[in-house]
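Here's the structure, in structure tokens; my notes come after.
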Protein chains: 2
Amino acid sequence: MTSEWRRFTAMELVEQLSGLHAELTILGPDALAGRHPGEHADNLACGVMAQPGSTEAAAALIRWCNDNAVAIVPQGGLSGLVGGNVSHAGEVILSSARLNRILAIHPEEMTVEVEAGVPLESLQQAAAAHGLTTGIDLGSRGTATIGGMVSTNAGGILAFRNGVMRHQVLGLEAVLPSGDVLSDMTRVVKVSAGPDLKHLFIGGEGAFGFVTRVVLKLEPQRPHRATALLGVTDATSALAVIRHFRTRSAVTLEAAEMMWPRYIRDCAALKGFDLSWLEDDAAALLIELSAETVEAATAALEHGLETLWEAVDLKGGLIAQSLDQAKKFWDMREDSGFYYAAIPSAPSFDISVPPTYLDAYVAGLHARLQAIDPTYDAYVYGHVADGNLHLTLIRPGPLPQTELLAVEDAVYAGIRDAGGSFSAEHGVGVEKRHGYETNVSPEKRALAHVIKQAVDPKGVFNPGKVPF
Amino acid sequence: MTSEWRRFTAMELVEQLSGLHAELTILGPDALAGRHPGEHADNLACGVMAQPGSTEAAAALIRWCNDNAVAIVPQGGLSGLVGGNVSHAGEVILSSARLNRILAIHPEEMTVEVEAGVPLESLQQAAAAHGLTTGIDLGSRGTATIGGMVSTNAGGILAFRNGVMRHQVLGLEAVLPSGDVLSDMTRVVKVSAGPDLKHLFIGGEGAFGFVTRVVLKLEPQRPHRATALLGVTDATSALAVIRHFRTRSAVTLEAAEMMWPRYIRDCAALKGFDLSWLEDDAAALLIELSAETVEAATAALEHGLETLWEAVDLKGGLIAQSLDQAKKFWDMREDSGFYYAAIPSAPSFDISVPPTYLDAYVAGLHARLQAIDPTYDAYVYGHVADGNLHLTLIRPGPLPQTELLAVEDAVYAGIRDAGGSFSAEHGVGVEKRHGYETNVSPEKRALAHVIKQAVDPKGVFNPGKVPF
């Protein structure tokens with residue numbers, strides 16, 4: 001795949017691109033040499049990065065690349081976990097780094113117009129000045145950009161309540177492979193005005209164009225919170241806790257994050273977090289509620305736990321007594337890379353199944369892994385309310401290819417029949433190609449191909465990635 | 001457009017299609033002669049209707065039509081208001097009438113798998129047995145089918161809270177123009193598994209294939225309600241009322257429907273509804289709340305109105321004292337065709353703007369209409385919380401073409417710049433073609449064309465409709 005694109009050296013590209021547009025910054029191999037490549041070592045491998053400061057500058061770059069059959073790799077905050085931003089010699093990175101303006105916040109409408117390169121946390125901070133926040137939140141909020149979250153249809157912590165990025169986007173502007181600009185910056189929820197093509201770019205992983213601007217919904221901040229870490233037997237118990245709090249009208253469930261036993265125990269041991277309150281073999285459920293006051297949230301939490309204690313057979317519980325303690329709970333869940341020190345490059349996965357199927361899935365997964373190798377085990381944790389699990393094989397990687405494929409098949413088994421997804425919120429990138437090819441129907445893959453060919457006939461956008 | 005498709009007479013088509021598949025019912029001109037054509041007189045004009053009883057039967061029909069370059073017009077409940085189901089001689093109607101099974105309700109997951117021909121109200125009744133209901137509701141619930149609602153990205157009463165059809169669909173199965181079946185019946189909210197092509201069919205108005213099955217979210221029924229009809233000066237006042245109730249955690253806002261002065265007065269006069277409580281020149285706002293009991297809902301409504309009375313300068317109000325009275329309020333809003341007896345074929349529109357722009361829009365609209373003809377006025381009503389207005393010119397139609405275009409331009413003026421949509425929930429069909437061509441950017445229309453050409457190269461699906 002790489003060679004056919006290698007029409008120019010990096011230095012030739014820098015020279016060719018440098019005069020294209022006044023608002024276009026071009027960085028070459030030297031400028032990129034010292035940069036952290038983000039979550040994949042090869043993200044910056046091509047050695048050429050274009051940073052447009054405007055939609056027009058992006059369009060000029062894209063038009064040049066399309067005319068010259070030079071491949072483009074769109075990049076945001078480089079927090080993607082599946083290699084969707086990997087670049088190769090001869091390609092040009094198209095970075096949203098300079099598209100970093102919050103264009104307009106409409107507090108009464110609870111919407112925001114934002115450029116694609118704005119990090120999620122920056123947007124959350126700007127919205128907070130109006131008592132608002134984003135309807136989507138995730139652990140990598142400090143680096144993940146809005147454009148990247150659009151391109152991967154990011155999910156995160158609040159998806160059980162607010163849906164995923166696709167449900168938060170009202171309007172979108174993107175530059176097409178031709179260099180034409182598709183501007184569809186609606187700020188309303190009701191649009192039935194012909195095919196809604198913005199959804200091609202949401203979850204499109206950079207295959208169809210470069211997202212430059214987005215209109216997002218916002219929602220009221222709910223700062224008055226209570227947080228608990230509970231011992232639960234299984235996902236079924238966790239779902240009973242979730243159902244209890246979701247049906248109480250005086251509180252809002254803000255998070256329900258579950259950490260299966262081995263994850264919570266190894267993580268707590270590493271961080272020196274006391275788990276003596278948690279009964280043996282129990283998993284941990286992080287619950288966060290909001291209400292009109294902190295006291296009301298705490299009272300609802302305490303009252304709910306009294307009701308639930310025997311009904312759900314809770315295995316211990318800890319209510320955060322301070323923001324600092326709540327942050328310690330969250331750190332265990334969000335610092336989910338803790339294990340990579342011991343198991344570098346361990347294969348990891350991100351799947352979703354209907355929540356009621358979680359326990360059967362996890363039990364089956366362990367059995368399938370052990371059928372491959374009796375010593376295999378996995379860290380399991382994730383967004384239990386929407387059925388999204390993250391899984392990491394407790395074994396340093398990379399595995400030999402045949403063994404990796406066997407593990408992948410073990411992870412994906414039964415998911416499609418259960419109505420789930422082999423990739424829930426991380427995307428496909430280059431690393432989940434096997435999953436895509438074995439879990440997405442031939443008809444759907446063929447249709448994706450046909451549309452890719454129509455929209456990007458030269459295939460300049462993110463070649464080698466989905467739809468392959 | 002018609003003639004190029006007229007390869008076969010209706011009777012020839014009936015003969016050709018009749019043996020195609022055991023689960024395919026074919027109705028000819030005689031069988032269709034007595035049928036009500038639904039909301040457009042020409043819906044059944046082609047005289048041939050295929051009713052598949054399974055996805056396979058639909059695929060057989062579609063494959064035959066594609067092979068023989070015979071145009072297909074997908075039809076559901078025929079409640080569409082923009083002529084998206086109009087058929088012509090030589091075409092074949094592909095009806096979802098026999099795809100009318102509710103396949104599975106998953107109460108714990110709050111999802112349902114349903115065939116495309118199920119009417120919304122039938123689904124609501126089946127879900128009610130589990131204490132659940134659909135997250136979307138609209139006046140034509142008795143006839144509108146799930147497949148039709150998908151194809152037009154229907155909105156309705158609850159969109160301000162739950163989004164539109166696009167936000168309610170988790171999974172979808174459709175037959176492509178090739179006859180291949182795209183089956184993507186996921187039941188989870190988090191999917192980032194390559195391009196999410198189901199969104200081509202949602203709001204696609206039958207241009208890309210035939211929707212056969214859908215997975216929808218459900219939500220808990222909230223039967224304990226209180227309903228009021230309030231006098232308000234303008235949309236700004238209505239939005240203040242809405243904001244009040246939306247920020248109260250003990251109640252849920254179930255509806256906020258506004259009827260501008262001329263609509264409510266003419267409708268009430270026709271129905272013999274006493275409006276003596278409503279101050280002159282005031283508009284009416286229908287508000288419905290739910291809570292844990294009817295008493296709690298009523299108390300919250302009464303308390304809220306006390307608070308709001310002076311702050312918002314309400315112009316009168318009536319709290320429904322019975323379900324029967326609440327139904328009378330709703331009848332005025334939902335029987336919005338009352339005016340067609342006096343103004344048959346009056347031009348009507350369905351637009352959305354950001355809610356804070358509603359008053360400026362309505363004022364501008366009246367000025368623009370009167371600039372065309374000083375006697376022009378419009379009925380204005382709709383879903384005020386999401387900025388979706390329905391507009392009907394108070395003048396029998398059809399207007400002469402040049403005058404109609406002038407009225408359309410007056411209706412659409414400023415909407416795009418304001419971030420709204422010239423068509424909010426009815427779609428484009430054949431009747432909003434001018435709106436599509438003048439309000440959707442050339443780049444977006446061109447992209448829609450390119451994708452249509454790629455997916456349906458012979459153009460057999462719903463020719464003459466959007467994307468044109």
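If you're wondering about the labels, chains in the structure tokens are A, B, ... by order shown, residues count from 1 in each chain, ligands from 1 in order shown.
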
Contacts of Lys190 in chain B within 8 Å, only C-alpha atoms, excl. fewer than 5 positions in-chain, as JSON, numbers by chain: {"A": [155, 159, 163, 164, 352, 386, 388, 421, 424, 425]}

Residue selection dump (all heavy atoms) as an mmCIF file, in the first residue's frame:
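again.cif was written with the following content:
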data_model
loop_
_atom_site.group_PDB
_atom_site.id
_atom_site.type_symbol
_atom_site.label_atom_id
_atom_site.label_comp_id
_atom_site.auth_asym_id
_atom_site.auth_seq_id
_atom_site.Cartn_x
_atom_site.Cartn_y
_atom_site.Cartn_z
ATOM 1 N N GLY A 155 -17.698 7.604 22.212
ATOM 2 C CA GLY A 155 -18.801 7.269 23.097
ATOM 3 C C GLY A 155 -18.584 7.804 24.503
ATOM 4 O O GLY A 155 -19.108 8.827 24.885
ATOM 5 N N ALA A 159 -22.698 7.905 27.356
ATOM 6 C CA ALA A 159 -23.447 7.397 26.195
ATOM 7 C C ALA A 159 -24.731 6.679 26.600
ATOM 8 O O ALA A 159 -25.720 6.699 25.867
ATOM 9 C CB ALA A 159 -22.574 6.468 25.365
ATOM 10 N N GLY A 163 -26.392 9.058 24.346
ATOM 11 C CA GLY A 163 -25.954 8.523 23.068
ATOM 12 C C GLY A 163 -24.497 8.862 22.816
ATOM 13 O O GLY A 163 -23.791 9.353 23.700
ATOM 14 N N VAL A 164 -24.064 8.597 21.604
ATOM 15 C CA VAL A 164 -22.658 8.777 21.243
ATOM 16 C C VAL A 164 -22.503 10.058 20.426
ATOM 17 O O VAL A 164 -23.434 10.836 20.272
ATOM 18 C CB VAL A 164 -22.142 7.534 20.484
ATOM 19 C CG1 VAL A 164 -22.116 6.328 21.428
ATOM 20 C CG2 VAL A 164 -22.989 7.236 19.264
ATOM 21 N N SER A 352 -19.026 -3.997 22.419
ATOM 22 C CA SER A 352 -20.277 -3.726 23.127
ATOM 23 C C SER A 352 -21.269 -4.845 22.858
ATOM 24 O O SER A 352 -21.305 -5.413 21.769
ATOM 25 C CB SER A 352 -20.883 -2.376 22.728
ATOM 26 O OG SER A 352 -21.135 -2.326 21.353
ATOM 27 N N ASP A 386 -24.144 0.871 29.149
ATOM 28 C CA ASP A 386 -24.435 0.722 27.722
ATOM 29 C C ASP A 386 -23.804 -0.536 27.128
ATOM 30 O O ASP A 386 -23.826 -0.730 25.906
ATOM 31 C CB ASP A 386 -24.029 1.975 26.932
ATOM 32 C CG ASP A 386 -22.571 2.360 27.129
ATOM 33 O OD1 ASP A 386 -21.719 1.448 27.185
ATOM 34 O OD2 ASP A 386 -22.275 3.552 27.227
ATOM 35 N N ASN A 388 -20.665 -1.548 27.020
ATOM 36 C CA ASN A 388 -19.371 -1.368 26.358
ATOM 37 C C ASN A 388 -18.234 -1.788 27.286
ATOM 38 O O ASN A 388 -18.009 -1.190 28.325
ATOM 39 C CB ASN A 388 -19.221 0.110 25.962
ATOM 40 C CG ASN A 388 -17.867 0.479 25.371
ATOM 41 O OD1 ASN A 388 -17.536 1.653 25.351
ATOM 42 N ND2 ASN A 388 -17.078 -0.481 24.881
ATOM 43 N N SER A 421 -21.362 -5.047 19.013
ATOM 44 C CA SER A 421 -20.411 -4.571 18.014
ATOM 45 C C SER A 421 -18.999 -4.958 18.411
ATOM 46 O O SER A 421 -18.614 -4.792 19.570
ATOM 47 C CB SER A 421 -20.510 -3.050 17.862
ATOM 48 O OG SER A 421 -19.545 -2.592 16.933
ATOM 49 N N ALA A 424 -16.669 -0.781 19.700
ATOM 50 C CA ALA A 424 -17.751 0.016 20.280
ATOM 51 C C ALA A 424 -17.510 1.506 20.148
ATOM 52 O O ALA A 424 -18.381 2.265 19.740
ATOM 53 C CB ALA A 424 -17.919 -0.354 21.746
ATOM 54 N N GLU A 425 -16.295 1.950 20.502
ATOM 55 C CA GLU A 425 -16.052 3.395 20.492
ATOM 56 C C GLU A 425 -14.648 3.752 20.045
ATOM 57 O O GLU A 425 -14.326 4.928 19.937
ATOM 58 C CB GLU A 425 -16.341 3.998 21.873
ATOM 59 C CG GLU A 425 -15.542 3.357 23.004
ATOM 60 C CD GLU A 425 -15.791 4.029 24.361
ATOM 61 O OE1 GLU A 425 -16.634 4.932 24.447
ATOM 62 O OE2 GLU A 425 -15.114 3.644 25.331
#

Expected answer as JSON, numbers by chain: alpha helix (DSSP H) residues in range 271-368 of chain A: {"A": [271, 294, 295, 296, 297, 298, 299, 300, 301, 302, 303, 304, 305, 306, 307, 308, 323, 324, 325, 326, 327, 328, 329, 330, 331, 332, 333, 334, 358, 359, 360, 361, 362, 363, 364, 365, 366, 367, 368]}

Just N, CA, C and O atoms for this one: save the residues we selected as a short mmCIF file (atom, residue, chain, number, x, y, z; two decimals), in the first residue's frame.
data_model
loop_
_atom_site.label_atom_id
_atom_site.label_comp_id
_atom_site.auth_asym_id
_atom_site.auth_seq_id
_atom_site.Cartn_x
_atom_site.Cartn_y
_atom_site.Cartn_z
N LYS A 271 -1.76 1.28 42.87
CA LYS A 271 -1.96 2.66 43.31
C LYS A 271 -2.02 2.78 44.83
O LYS A 271 -2.24 3.89 45.35
N VAL A 294 -25.35 18.97 46.68
CA VAL A 294 -24.50 17.83 47.03
C VAL A 294 -25.19 16.99 48.11
O VAL A 294 -25.15 15.76 48.06
N GLU A 295 -25.84 17.68 49.05
CA GLU A 295 -26.50 16.96 50.13
C GLU A 295 -27.61 16.06 49.59
O GLU A 295 -27.76 14.92 50.03
N ALA A 296 -28.37 16.59 48.64
CA ALA A 296 -29.47 15.78 48.07
C ALA A 296 -28.91 14.58 47.31
O ALA A 296 -29.47 13.47 47.37
N ALA A 297 -27.81 14.80 46.59
CA ALA A 297 -27.20 13.69 45.86
C ALA A 297 -26.70 12.63 46.83
O ALA A 297 -26.90 11.43 46.64
N THR A 298 -26.04 13.09 47.89
CA THR A 298 -25.50 12.15 48.87
C THR A 298 -26.61 11.40 49.58
O THR A 298 -26.54 10.18 49.78
N ALA A 299 -27.68 12.13 49.94
CA ALA A 299 -28.81 11.48 50.62
C ALA A 299 -29.44 10.43 49.72
O ALA A 299 -29.77 9.32 50.16
N ALA A 300 -29.61 10.76 48.45
CA ALA A 300 -30.21 9.80 47.51
C ALA A 300 -29.31 8.58 47.34
O ALA A 300 -29.79 7.45 47.25
N LEU A 301 -28.02 8.82 47.33
CA LEU A 301 -27.08 7.72 47.20
C LEU A 301 -27.15 6.81 48.43
O LEU A 301 -27.28 5.59 48.32
N GLU A 302 -27.13 7.44 49.61
CA GLU A 302 -27.16 6.64 50.85
C GLU A 302 -28.47 5.87 50.96
O GLU A 302 -28.49 4.68 51.27
N HIS A 303 -29.55 6.58 50.67
CA HIS A 303 -30.86 5.94 50.76
C HIS A 303 -30.98 4.79 49.75
O HIS A 303 -31.47 3.70 50.08
N GLY A 304 -30.49 5.04 48.56
CA GLY A 304 -30.55 4.01 47.52
C GLY A 304 -29.74 2.79 47.92
O GLY A 304 -30.19 1.65 47.75
N LEU A 305 -28.58 3.02 48.50
CA LEU A 305 -27.73 1.89 48.87
C LEU A 305 -28.36 1.07 50.00
O LEU A 305 -28.27 -0.16 50.01
N GLU A 306 -29.03 1.76 50.92
CA GLU A 306 -29.74 1.01 51.98
C GLU A 306 -30.78 0.08 51.35
O GLU A 306 -30.90 -1.09 51.70
N THR A 307 -31.54 0.64 50.40
CA THR A 307 -32.58 -0.16 49.73
C THR A 307 -31.96 -1.33 48.97
O THR A 307 -32.49 -2.44 48.93
N LEU A 308 -30.82 -1.04 48.31
CA LEU A 308 -30.25 -2.01 47.40
C LEU A 308 -29.42 -3.08 48.11
O LEU A 308 -29.18 -4.15 47.55
N LEU A 323 -14.12 15.50 47.29
CA LEU A 323 -13.82 15.49 45.85
C LEU A 323 -12.53 14.74 45.59
O LEU A 323 -12.38 14.04 44.59
N ASP A 324 -11.61 14.88 46.52
CA ASP A 324 -10.32 14.22 46.36
C ASP A 324 -10.49 12.70 46.36
O ASP A 324 -9.89 11.99 45.55
N GLN A 325 -11.35 12.22 47.25
CA GLN A 325 -11.57 10.78 47.29
C GLN A 325 -12.31 10.31 46.03
O GLN A 325 -11.99 9.25 45.47
N ALA A 326 -13.28 11.12 45.58
CA ALA A 326 -13.97 10.75 44.34
C ALA A 326 -12.98 10.67 43.18
O ALA A 326 -13.04 9.78 42.34
N LYS A 327 -12.03 11.61 43.17
CA LYS A 327 -11.03 11.60 42.09
C LYS A 327 -10.18 10.33 42.15
O LYS A 327 -9.81 9.78 41.11
N LYS A 328 -9.91 9.85 43.36
CA LYS A 328 -9.14 8.60 43.49
C LYS A 328 -9.92 7.42 42.91
O LYS A 328 -9.34 6.53 42.27
N PHE A 329 -11.25 7.41 43.13
CA PHE A 329 -12.06 6.37 42.51
C PHE A 329 -11.93 6.44 40.98
O PHE A 329 -11.71 5.44 40.30
N TRP A 330 -12.08 7.68 40.48
CA TRP A 330 -12.06 7.87 39.03
C TRP A 330 -10.70 7.53 38.43
O TRP A 330 -10.63 7.00 37.31
N ASP A 331 -9.63 7.85 39.17
CA ASP A 331 -8.29 7.57 38.65
C ASP A 331 -8.12 6.08 38.36
O ASP A 331 -7.47 5.70 37.39
N MET A 332 -8.70 5.27 39.19
CA MET A 332 -8.56 3.83 38.95
C MET A 332 -9.24 3.43 37.66
O MET A 332 -8.73 2.61 36.90
N ARG A 333 -10.36 4.02 37.39
CA ARG A 333 -11.07 3.67 36.16
C ARG A 333 -10.42 4.31 34.93
O ARG A 333 -10.28 3.66 33.89
N GLU A 334 -10.03 5.58 35.05
CA GLU A 334 -9.57 6.29 33.85
C GLU A 334 -8.09 6.08 33.55
O GLU A 334 -7.67 6.23 32.40
N LEU A 358 -24.06 -9.13 29.25
CA LEU A 358 -22.67 -8.93 29.69
C LEU A 358 -22.12 -10.12 30.46
O LEU A 358 -20.99 -10.57 30.19
N ASP A 359 -22.86 -10.63 31.44
CA ASP A 359 -22.31 -11.71 32.27
C ASP A 359 -22.04 -12.96 31.44
O ASP A 359 -21.00 -13.60 31.58
N ALA A 360 -23.00 -13.29 30.57
CA ALA A 360 -22.79 -14.47 29.71
C ALA A 360 -21.59 -14.24 28.80
O ALA A 360 -20.78 -15.15 28.57
N TYR A 361 -21.45 -13.03 28.32
CA TYR A 361 -20.31 -12.74 27.43
C TYR A 361 -18.99 -12.89 28.16
O TYR A 361 -18.06 -13.53 27.67
N VAL A 362 -18.89 -12.32 29.35
CA VAL A 362 -17.62 -12.35 30.08
C VAL A 362 -17.27 -13.79 30.48
O VAL A 362 -16.11 -14.22 30.35
N ALA A 363 -18.26 -14.55 30.92
CA ALA A 363 -18.01 -15.96 31.26
C ALA A 363 -17.53 -16.72 30.03
O ALA A 363 -16.55 -17.48 30.08
N GLY A 364 -18.21 -16.50 28.90
CA GLY A 364 -17.83 -17.18 27.67
C GLY A 364 -16.44 -16.76 27.21
O GLY A 364 -15.65 -17.59 26.73
N LEU A 365 -16.14 -15.49 27.36
CA LEU A 365 -14.82 -14.99 26.95
C LEU A 365 -13.71 -15.71 27.71
O LEU A 365 -12.73 -16.17 27.12
N HIS A 366 -13.86 -15.80 29.02
CA HIS A 366 -12.82 -16.46 29.80
C HIS A 366 -12.64 -17.91 29.36
O HIS A 366 -11.54 -18.40 29.22
N ALA A 367 -13.76 -18.57 29.14
CA ALA A 367 -13.68 -19.97 28.70
C ALA A 367 -12.98 -20.08 27.35
O ALA A 367 -12.12 -20.95 27.14
N ARG A 368 -13.31 -19.17 26.43
CA ARG A 368 -12.71 -19.23 25.09
C ARG A 368 -11.22 -18.92 25.14
O ARG A 368 -10.42 -19.53 24.43
#

Would you mind listing what lies within 10 Å of Glu205 in chain B as a short mmCIF file (atom, residue, chain, number, x, y, z; two decimals) with C-alpha atoms, in the first residue's frame, with only C-alpha atoms counted and same-chain residues fewer than 2 positions away left out?
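The resulting file, around-v4.cif, is shown below:
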data_model
loop_
_atom_site.label_atom_id
_atom_site.label_comp_id
_atom_site.auth_asym_id
_atom_site.auth_seq_id
_atom_site.Cartn_x
_atom_site.Cartn_y
_atom_site.Cartn_z
CA SER A 192 -35.29 16.10 7.02
CA ALA A 193 -33.88 17.86 4.00
CA GLY A 194 -32.58 15.08 1.80
CA PRO A 195 -29.86 12.55 2.55
CA VAL B 73 -41.57 3.40 -5.23
CA PRO B 74 -41.27 2.35 -1.56
CA GLN B 75 -44.41 3.00 0.47
CA GLY B 84 -42.40 11.26 -1.52
CA ASN B 85 -44.59 8.23 -2.36
CA GLY B 148 -41.71 5.43 6.67
CA MET B 149 -40.63 7.24 9.82
CA VAL B 150 -37.09 5.99 9.26
CA SER B 151 -37.14 7.06 5.61
CA THR B 152 -38.24 10.59 6.47
CA ASN B 153 -36.25 10.85 9.71
CA LEU B 200 -28.03 6.62 4.40
CA PHE B 201 -31.46 5.03 4.72
CA ILE B 202 -32.58 7.19 7.66
CA GLY B 203 -33.96 10.29 6.01
CA ALA B 207 -33.53 6.69 -2.68
CA PHE B 208 -31.02 4.07 -1.56
CA GLY B 209 -33.03 0.95 -0.86
CA PHE B 210 -35.99 -0.54 0.98
CA GLY B 427 -38.84 15.46 4.02
CA VAL B 428 -38.42 16.72 0.47
CA GLY B 429 -40.48 14.37 -1.69
CA PHE B 461 -35.30 3.54 -6.46
CA ASN B 462 -37.91 6.28 -6.20
CA LYS B 465 -37.57 12.31 -5.85
CA VAL B 466 -34.67 13.57 -3.78
CA PRO B 467 -31.69 13.65 -4.53
#

Close residues, Leu24 in chain A itself excluded, 7 Å, only C-alpha atoms, min 6 positions apart in chain, as an NGL selection string: :A and (50-53 or 57)

Filtered DSSP result for range 360-422 of chain A, state strand (DSSP E), as a PyMOL selection string: chain A and resi 378-383+388-393

Write a file of the just-selected residues containing all heavy atoms, as a short mmCIF file (atom, residue, chain, number, x, y, z; two decimals), in the first residue's frame.
data_model
loop_
_atom_site.label_atom_id
_atom_site.label_comp_id
_atom_site.auth_asym_id
_atom_site.auth_seq_id
_atom_site.Cartn_x
_atom_site.Cartn_y
_atom_site.Cartn_z
N ALA A 378 -7.94 -11.96 31.22
CA ALA A 378 -8.09 -10.62 30.65
C ALA A 378 -8.52 -9.63 31.72
O ALA A 378 -9.25 -9.99 32.65
CB ALA A 378 -9.12 -10.64 29.53
N TYR A 379 -8.01 -8.40 31.61
CA TYR A 379 -8.61 -7.30 32.36
C TYR A 379 -9.90 -6.89 31.66
O TYR A 379 -9.92 -6.73 30.43
CB TYR A 379 -7.67 -6.10 32.41
CG TYR A 379 -6.46 -6.29 33.30
CD1 TYR A 379 -5.17 -6.10 32.80
CD2 TYR A 379 -6.61 -6.62 34.64
CE1 TYR A 379 -4.05 -6.26 33.62
CE2 TYR A 379 -5.50 -6.78 35.47
CZ TYR A 379 -4.23 -6.60 34.96
OH TYR A 379 -3.14 -6.76 35.76
N VAL A 380 -10.95 -6.75 32.46
CA VAL A 380 -12.25 -6.38 31.92
C VAL A 380 -12.78 -5.19 32.70
O VAL A 380 -12.80 -5.22 33.94
CB VAL A 380 -13.25 -7.56 32.03
CG1 VAL A 380 -14.61 -7.18 31.46
CG2 VAL A 380 -12.71 -8.81 31.33
N TYR A 381 -13.19 -4.16 31.99
CA TYR A 381 -13.72 -2.96 32.66
C TYR A 381 -14.48 -2.17 31.61
O TYR A 381 -14.33 -2.43 30.41
CB TYR A 381 -12.58 -2.11 33.25
CG TYR A 381 -11.55 -1.68 32.25
CD1 TYR A 381 -11.55 -0.38 31.74
CD2 TYR A 381 -10.56 -2.57 31.80
CE1 TYR A 381 -10.59 0.01 30.80
CE2 TYR A 381 -9.62 -2.18 30.86
CZ TYR A 381 -9.64 -0.90 30.37
OH TYR A 381 -8.72 -0.52 29.44
N GLY A 382 -15.29 -1.23 32.04
CA GLY A 382 -15.95 -0.41 31.03
C GLY A 382 -17.27 0.18 31.47
O GLY A 382 -17.60 0.22 32.66
N HIS A 383 -17.99 0.63 30.45
CA HIS A 383 -19.20 1.43 30.61
C HIS A 383 -20.39 0.47 30.68
O HIS A 383 -21.07 0.22 29.69
CB HIS A 383 -19.32 2.40 29.44
CG HIS A 383 -18.03 3.11 29.10
ND1 HIS A 383 -17.52 4.13 29.88
CD2 HIS A 383 -17.14 2.95 28.09
CE1 HIS A 383 -16.38 4.57 29.34
NE2 HIS A 383 -16.12 3.87 28.26
N ASN A 388 -20.66 -1.55 27.02
CA ASN A 388 -19.37 -1.37 26.36
C ASN A 388 -18.23 -1.79 27.29
O ASN A 388 -18.01 -1.19 28.33
CB ASN A 388 -19.22 0.11 25.96
CG ASN A 388 -17.87 0.48 25.37
OD1 ASN A 388 -17.54 1.65 25.35
ND2 ASN A 388 -17.08 -0.48 24.88
N LEU A 389 -17.53 -2.85 26.91
CA LEU A 389 -16.41 -3.36 27.71
C LEU A 389 -15.09 -3.10 27.02
O LEU A 389 -14.97 -3.24 25.81
CB LEU A 389 -16.55 -4.88 27.89
CG LEU A 389 -17.71 -5.39 28.71
CD1 LEU A 389 -17.58 -6.90 28.85
CD2 LEU A 389 -17.76 -4.72 30.08
N HIS A 390 -14.10 -2.77 27.82
CA HIS A 390 -12.72 -2.78 27.35
C HIS A 390 -12.07 -4.03 27.92
O HIS A 390 -12.28 -4.40 29.08
CB HIS A 390 -12.00 -1.51 27.81
CG HIS A 390 -12.68 -0.26 27.31
ND1 HIS A 390 -13.04 -0.10 26.00
CD2 HIS A 390 -13.07 0.86 27.96
CE1 HIS A 390 -13.62 1.08 25.85
NE2 HIS A 390 -13.66 1.68 27.02
N LEU A 391 -11.27 -4.67 27.08
CA LEU A 391 -10.66 -5.96 27.44
C LEU A 391 -9.20 -5.93 27.09
O LEU A 391 -8.84 -5.50 25.99
CB LEU A 391 -11.31 -7.08 26.61
CG LEU A 391 -12.83 -7.13 26.55
CD1 LEU A 391 -13.28 -8.01 25.40
CD2 LEU A 391 -13.37 -7.64 27.87
N THR A 392 -8.36 -6.36 27.99
CA THR A 392 -6.93 -6.45 27.69
C THR A 392 -6.41 -7.82 28.11
O THR A 392 -6.61 -8.24 29.26
CB THR A 392 -6.15 -5.34 28.44
OG1 THR A 392 -6.66 -4.08 28.01
CG2 THR A 392 -4.66 -5.42 28.11
N LEU A 393 -5.81 -8.49 27.19
CA LEU A 393 -5.21 -9.78 27.49
C LEU A 393 -4.01 -9.56 28.43
O LEU A 393 -3.17 -8.70 28.16
CB LEU A 393 -4.73 -10.44 26.19
CG LEU A 393 -4.34 -11.91 26.30
CD1 LEU A 393 -5.55 -12.79 26.54
CD2 LEU A 393 -3.61 -12.36 25.02
#

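Proximity ranking of A:Met49, A:Ala60, A:Leu239, A:Met259 relative to chain B places A:Leu239 first, based on only C-alpha atoms.
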